[in-house]
$ cat coords.json   # JSON, C-alpha atoms
[["chain", "number", "residue", "atom", "x", "y", "z"],
["A", 1, "MET", "CA", 146.00, 66.24, 109.38],
["A", 2, "ARG", "CA", 144.61, 69.39, 107.83],
["A", 3, "ILE", "CA", 144.20, 72.74, 109.56],
["A", 4, "GLY", "CA", 140.46, 72.32, 110.23],
["A", 5, "GLU", "CA", 140.95, 68.99, 111.97],
["A", 6, "LEU", "CA", 143.81, 70.34, 114.07],
["A", 7, "ALA", "CA", 141.75, 73.37, 115.08],
["A", 8, "GLU", "CA", 138.82, 71.16, 116.04],
["A", 9, "ARG", "CA", 140.94, 68.72, 118.03],
["A", 10, "ALA", "CA", 142.68, 71.56, 119.85],
["A", 11, "GLY", "CA", 139.48, 73.49, 120.52],
["A", 12, "THR", "CA", 140.52, 76.60, 118.65],
["A", 13, "THR", "CA", 140.03, 78.24, 115.27],
["A", 14, "THR", "CA", 141.88, 77.97, 111.99],
["A", 15, "ARG", "CA", 142.47, 81.71, 112.23],
["A", 16, "ALA", "CA", 144.30, 81.24, 115.53],
["A", 17, "LEU", "CA", 146.41, 78.48, 113.97],
["A", 18, "ARG", "CA", 147.39, 80.70, 111.07],
["A", 19, "TYR", "CA", 148.31, 83.43, 113.55],
["A", 20, "TYR", "CA", 150.45, 81.03, 115.60],
["A", 21, "GLU", "CA", 152.10, 79.96, 112.37],
["A", 22, "SER", "CA", 152.82, 83.59, 111.42],
["A", 23, "ARG", "CA", 154.44, 84.09, 114.85],
["A", 24, "GLY", "CA", 156.66, 81.04, 114.35],
["A", 25, "LEU", "CA", 155.04, 78.98, 117.09],
["A", 26, "LEU", "CA", 153.44, 76.41, 114.81],
["A", 27, "PRO", "CA", 155.34, 74.89, 111.88],
["A", 28, "ALA", "CA", 154.31, 75.86, 108.37],
["A", 29, "ARG", "CA", 154.49, 72.54, 106.53],
["A", 30, "ARG", "CA", 152.61, 72.02, 103.27],
["A", 31, "ASP", "CA", 151.55, 68.84, 101.52],
["A", 32, "ALA", "CA", 151.92, 68.18, 97.78],
["A", 33, "GLN", "CA", 148.70, 70.11, 97.05],
["A", 34, "GLY", "CA", 149.88, 73.12, 99.04],
["A", 35, "HIS", "CA", 147.58, 72.56, 102.02],
["A", 36, "ARG", "CA", 148.85, 73.02, 105.53],
["A", 37, "SER", "CA", 149.77, 69.68, 107.08],
["A", 38, "TYR", "CA", 150.00, 68.89, 110.77],
["A", 39, "ASP", "CA", 150.69, 65.88, 112.98],
["A", 40, "GLU", "CA", 150.32, 64.84, 116.61],
["A", 41, "ARG", "CA", 153.43, 66.80, 117.62],
["A", 42, "ASP", "CA", 151.74, 69.96, 116.37],
["A", 43, "LEU", "CA", 148.66, 69.14, 118.38],
["A", 44, "ARG", "CA", 150.87, 68.78, 121.44],
["A", 45, "LEU", "CA", 152.46, 72.19, 120.76],
["A", 46, "LEU", "CA", 149.07, 73.73, 120.34],
["A", 47, "ARG", "CA", 147.74, 72.22, 123.55],
["A", 48, "GLN", "CA", 150.76, 73.63, 125.39],
["A", 49, "ILE", "CA", 150.10, 77.08, 123.95],
["A", 50, "ARG", "CA", 146.40, 76.93, 124.78],
["A", 51, "THR", "CA", 147.00, 75.75, 128.34],
["A", 52, "LEU", "CA", 149.42, 78.58, 129.02],
["A", 53, "ARG", "CA", 147.12, 81.12, 127.37],
["A", 54, "ASP", "CA", 144.28, 79.89, 129.58],
["A", 55, "PHE", "CA", 146.55, 80.57, 132.58],
["A", 56, "GLY", "CA", 147.00, 84.16, 131.40],
["A", 57, "PHE", "CA", 150.34, 83.87, 129.65],
["A", 58, "GLU", "CA", 150.96, 86.20, 126.71],
["A", 59, "LEU", "CA", 151.51, 84.44, 123.41],
["A", 60, "GLU", "CA", 155.20, 85.31, 123.31],
["A", 61, "GLU", "CA", 155.62, 83.85, 126.81],
["A", 62, "THR", "CA", 154.65, 80.45, 125.39],
["A", 63, "ARG", "CA", 157.64, 80.38, 123.02],
["A", 64, "PRO", "CA", 160.15, 78.75, 125.44],
["A", 65, "PHE", "CA", 157.64, 75.98, 126.18],
["A", 66, "VAL", "CA", 157.05, 75.35, 122.48],
["A", 67, "GLU", "CA", 160.78, 75.35, 121.77],
["A", 68, "CYS", "CA", 161.31, 72.92, 124.63],
["A", 69, "LEU", "CA", 158.80, 70.49, 123.11],
["A", 70, "ARG", "CA", 160.30, 70.95, 119.65],
["A", 71, "ALA", "CA", 163.70, 70.07, 121.10],
["A", 72, "GLY", "CA", 162.27, 66.68, 122.03],
["A", 73, "HIS", "CA", 161.68, 67.14, 125.74],
["A", 74, "PRO", "CA", 158.73, 65.20, 127.14],
["A", 75, "GLU", "CA", 157.19, 68.34, 128.69],
["A", 76, "GLY", "CA", 157.26, 71.95, 127.56],
["A", 77, "ASP", "CA", 158.21, 73.14, 131.01],
["A", 78, "SER", "CA", 161.24, 70.94, 131.54],
["A", 79, "CYS", "CA", 163.73, 73.45, 130.05],
["A", 80, "PRO", "CA", 165.48, 76.27, 131.93],
["A", 81, "ALA", "CA", 163.91, 78.97, 129.72],
["A", 82, "SER", "CA", 160.42, 77.67, 130.52],
["A", 83, "LEU", "CA", 161.18, 77.67, 134.23],
["A", 84, "ALA", "CA", 162.37, 81.28, 133.93],
["A", 85, "VAL", "CA", 159.03, 82.23, 132.36],
["A", 86, "TYR", "CA", 157.18, 80.53, 135.22],
["A", 87, "ARG", "CA", 159.27, 82.51, 137.72],
["A", 88, "ARG", "CA", 158.59, 85.81, 135.93],
["A", 89, "LYS", "CA", 154.87, 85.05, 135.77],
["A", 90, "LEU", "CA", 154.78, 84.23, 139.48],
["A", 91, "ASP", "CA", 156.54, 87.52, 140.24],
["A", 92, "GLN", "CA", 153.95, 89.36, 138.14],
["A", 93, "LEU", "CA", 151.11, 87.56, 139.89],
["A", 94, "ASP", "CA", 152.57, 88.32, 143.33],
["A", 95, "ALA", "CA", 152.79, 92.01, 142.39],
["A", 96, "LEU", "CA", 149.18, 92.01, 141.19],
["A", 97, "ILE", "CA", 148.03, 90.25, 144.35],
["A", 98, "GLY", "CA", 149.82, 92.90, 146.39],
["A", 99, "GLU", "CA", 148.09, 95.66, 144.43],
["A", 100, "LEU", "CA", 144.72, 93.98, 144.88],
["A", 101, "ARG", "CA", 145.29, 93.63, 148.62],
["A", 102, "ALA", "CA", 146.11, 97.33, 148.87],
["A", 103, "VAL", "CA", 142.96, 98.27, 146.95],
["A", 104, "ARG", "CA", 140.92, 95.91, 149.11],
["A", 105, "GLU", "CA", 142.26, 97.58, 152.25],
["A", 106, "GLN", "CA", 141.34, 101.00, 150.87],
["A", 107, "VAL", "CA", 137.82, 99.87, 149.95],
["A", 108, "GLY", "CA", 137.41, 98.20, 153.35],
["A", 109, "ALA", "CA", 138.52, 101.39, 155.12],
["A", 110, "GLN", "CA", 136.12, 103.46, 153.01],
["A", 111, "LEU", "CA", 133.29, 101.07, 153.84],
["A", 112, "GLY", "CA", 134.12, 101.37, 157.54],
["A", 113, "ARG", "CA", 134.02, 105.19, 157.33],
["A", 114, "ALA", "CA", 130.75, 105.08, 155.40],
["A", 115, "GLU", "CA", 129.16, 102.73, 157.94],
["A", 116, "GLN", "CA", 130.26, 104.94, 160.83],
["A", 117, "ALA", "CA", 128.86, 108.02, 159.11],
["A", 118, "ARG", "CA", 125.57, 106.23, 158.47],
["A", 119, "GLU", "CA", 125.35, 105.09, 162.09],
["A", 120, "ALA", "CA", 126.05, 108.64, 163.28],
["A", 121, "LEU", "CA", 123.33, 109.98, 160.98],
["A", 122, "ALA", "CA", 120.87, 107.36, 162.23],
["A", 123, "ALA", "CA", 121.72, 108.24, 165.85],
["A", 124, "ASP", "CA", 121.18, 111.94, 165.11],
["A", 125, "ALA", "CA", 117.80, 111.08, 163.57],
["A", 126, "GLU", "CA", 116.67, 109.58, 166.85],
["A", 127, "VAL", "CA", 117.35, 112.89, 168.60],
["A", 128, "PRO", "CA", 114.28, 115.18, 168.45],
["A", 129, "GLY", "CA", 114.87, 117.73, 165.74],
["A", 130, "GLY", "CA", 117.76, 115.72, 164.28],
["A", 131, "PRO", "CA", 118.12, 115.13, 160.56],
["A", 132, "GLU", "CA", 115.97, 112.53, 158.92],
["A", 133, "PRO", "CA", 118.04, 109.84, 157.19],
["A", 134, "ARG", "CA", 117.63, 109.87, 153.42],
["A", 135, "CYS", "CA", 119.05, 107.72, 150.71],
["A", 136, "GLU", "CA", 119.38, 108.79, 147.11],
["A", 137, "LEU", "CA", 119.27, 105.81, 144.82],
["A", 138, "GLY", "CA", 119.11, 106.21, 141.08],
["A", 139, "GLY", "CA", 118.39, 109.93, 141.44],
["A", 140, "GLN", "CA", 115.26, 109.35, 143.52],
["A", 141, "GLN", "CA", 114.99, 110.17, 147.19],
["A", 142, "ARG", "CA", 113.60, 107.48, 149.45]]
$ encode --input "coords.json" --output "structure tokens"
Amino acid sequence: MRIGELAERAGTTTRALRYYESRGLLPARRDAQGHRSYDERDLRLLRQIRTLRDFGFELEETRPFVECLRAGHPEGDSCPASLAVYRRKLDQLDALIGELRAVREQVGAQLGRAEQAREALAADAEVPGGPEPRCELGGQQR
């Protein structure tokens, strides 16, 4: 099949295919007329790359999966190198989740302080002579 058909079947662009080819992830076969030529195995490689990219893998992280398929394995993640990439990615995700939890705790604590301060201001407003609650939104006082 030609590059346009492969791109269409894989749901990507010919530009992306040429880029994958330049990075050594997609074979660079040519037919007698010099056109790029692909087959079902290439579509399978491309689908593996796209699936991993959709999961957030960097392009270079897809290489072990592609090599595993090229070696004739039924799945791109059945090789030790692919499993190592999965493990590294999970470690990265766990670290990011930890960072997000820490930020969430900080934002939650800040919200709690802000709510307490607002409640204290509202309570003071109920005291004769206390401050009147005001809110500045978009530069306008309300």
$ residues_around --input "coords.json" --residues "range 35-41 of chain A" --least-positions-apart "5" --cutoff "10 Å" --atoms "only C-alpha atoms" --output "ChimeraX atom specification"
/A:1-6,18,26-30,46-47,69-70,72
$ axis_aligned_box --input "coords.json" --around "range 38-50 of chain A" --padding-each-side "6 Å" --output "AutoDock Vina command-line options"
--center_x 149.9 --center_y 71.0 --center_z 118.1 --size_x 19.0 --size_y 24.2 --size_z 26.6
$ closest_atom_pairs --input "coords.json" --of "range 34-60 of chain A" --to "range 93-111 of chain A" --cutoff "12 Å" --atoms "all atoms listed in the file" --output "CSV"
residue,atom,partner,partner_atom,distance
A:Phe55,CA,A:Leu93,CA,11.1
A:Gly56,CA,A:Leu93,CA,10.0
A:Phe57,CA,A:Leu93,CA,10.9
$ residues_around --input "coords.json" --residues "Leu52 in chain A" --least-positions-apart "4" --cutoff "12 Å" --atoms "all atoms listed in the file" --output "PyMOL selection string"
chain A and resi 45-48+56-66+76-77+82+85-86+89
$ closest_residue --input "coords.json" --among "A:Ala114, A:Leu43, A:Cys68, A:Gly24" --to "Thr12 in chain A" --atoms "all atoms listed in the file"
A:Leu43
$ atom_distance --input "coords.json" --atom1 "CA of Arg50 in chain A" --atom2 "CA of Thr14 in chain A"
13.6 Å
$ atom_distance --input "coords.json" --atom1 "CA of Ala10 in chain A" --atom2 "CA of Glu67 in chain A"
18.6 Å
$ atom_distance --input "coords.json" --atom1 "CA of Gly11 in chain A" --atom2 "CA of Asp42 in chain A"
13.4 Å
$ closest_residue --input "coords.json" --among "A:Ala120, A:Arg88, A:Ala32, A:Ile49" --to "Ala16 in chain A" --atoms "only C-alpha atoms"
A:Ile49
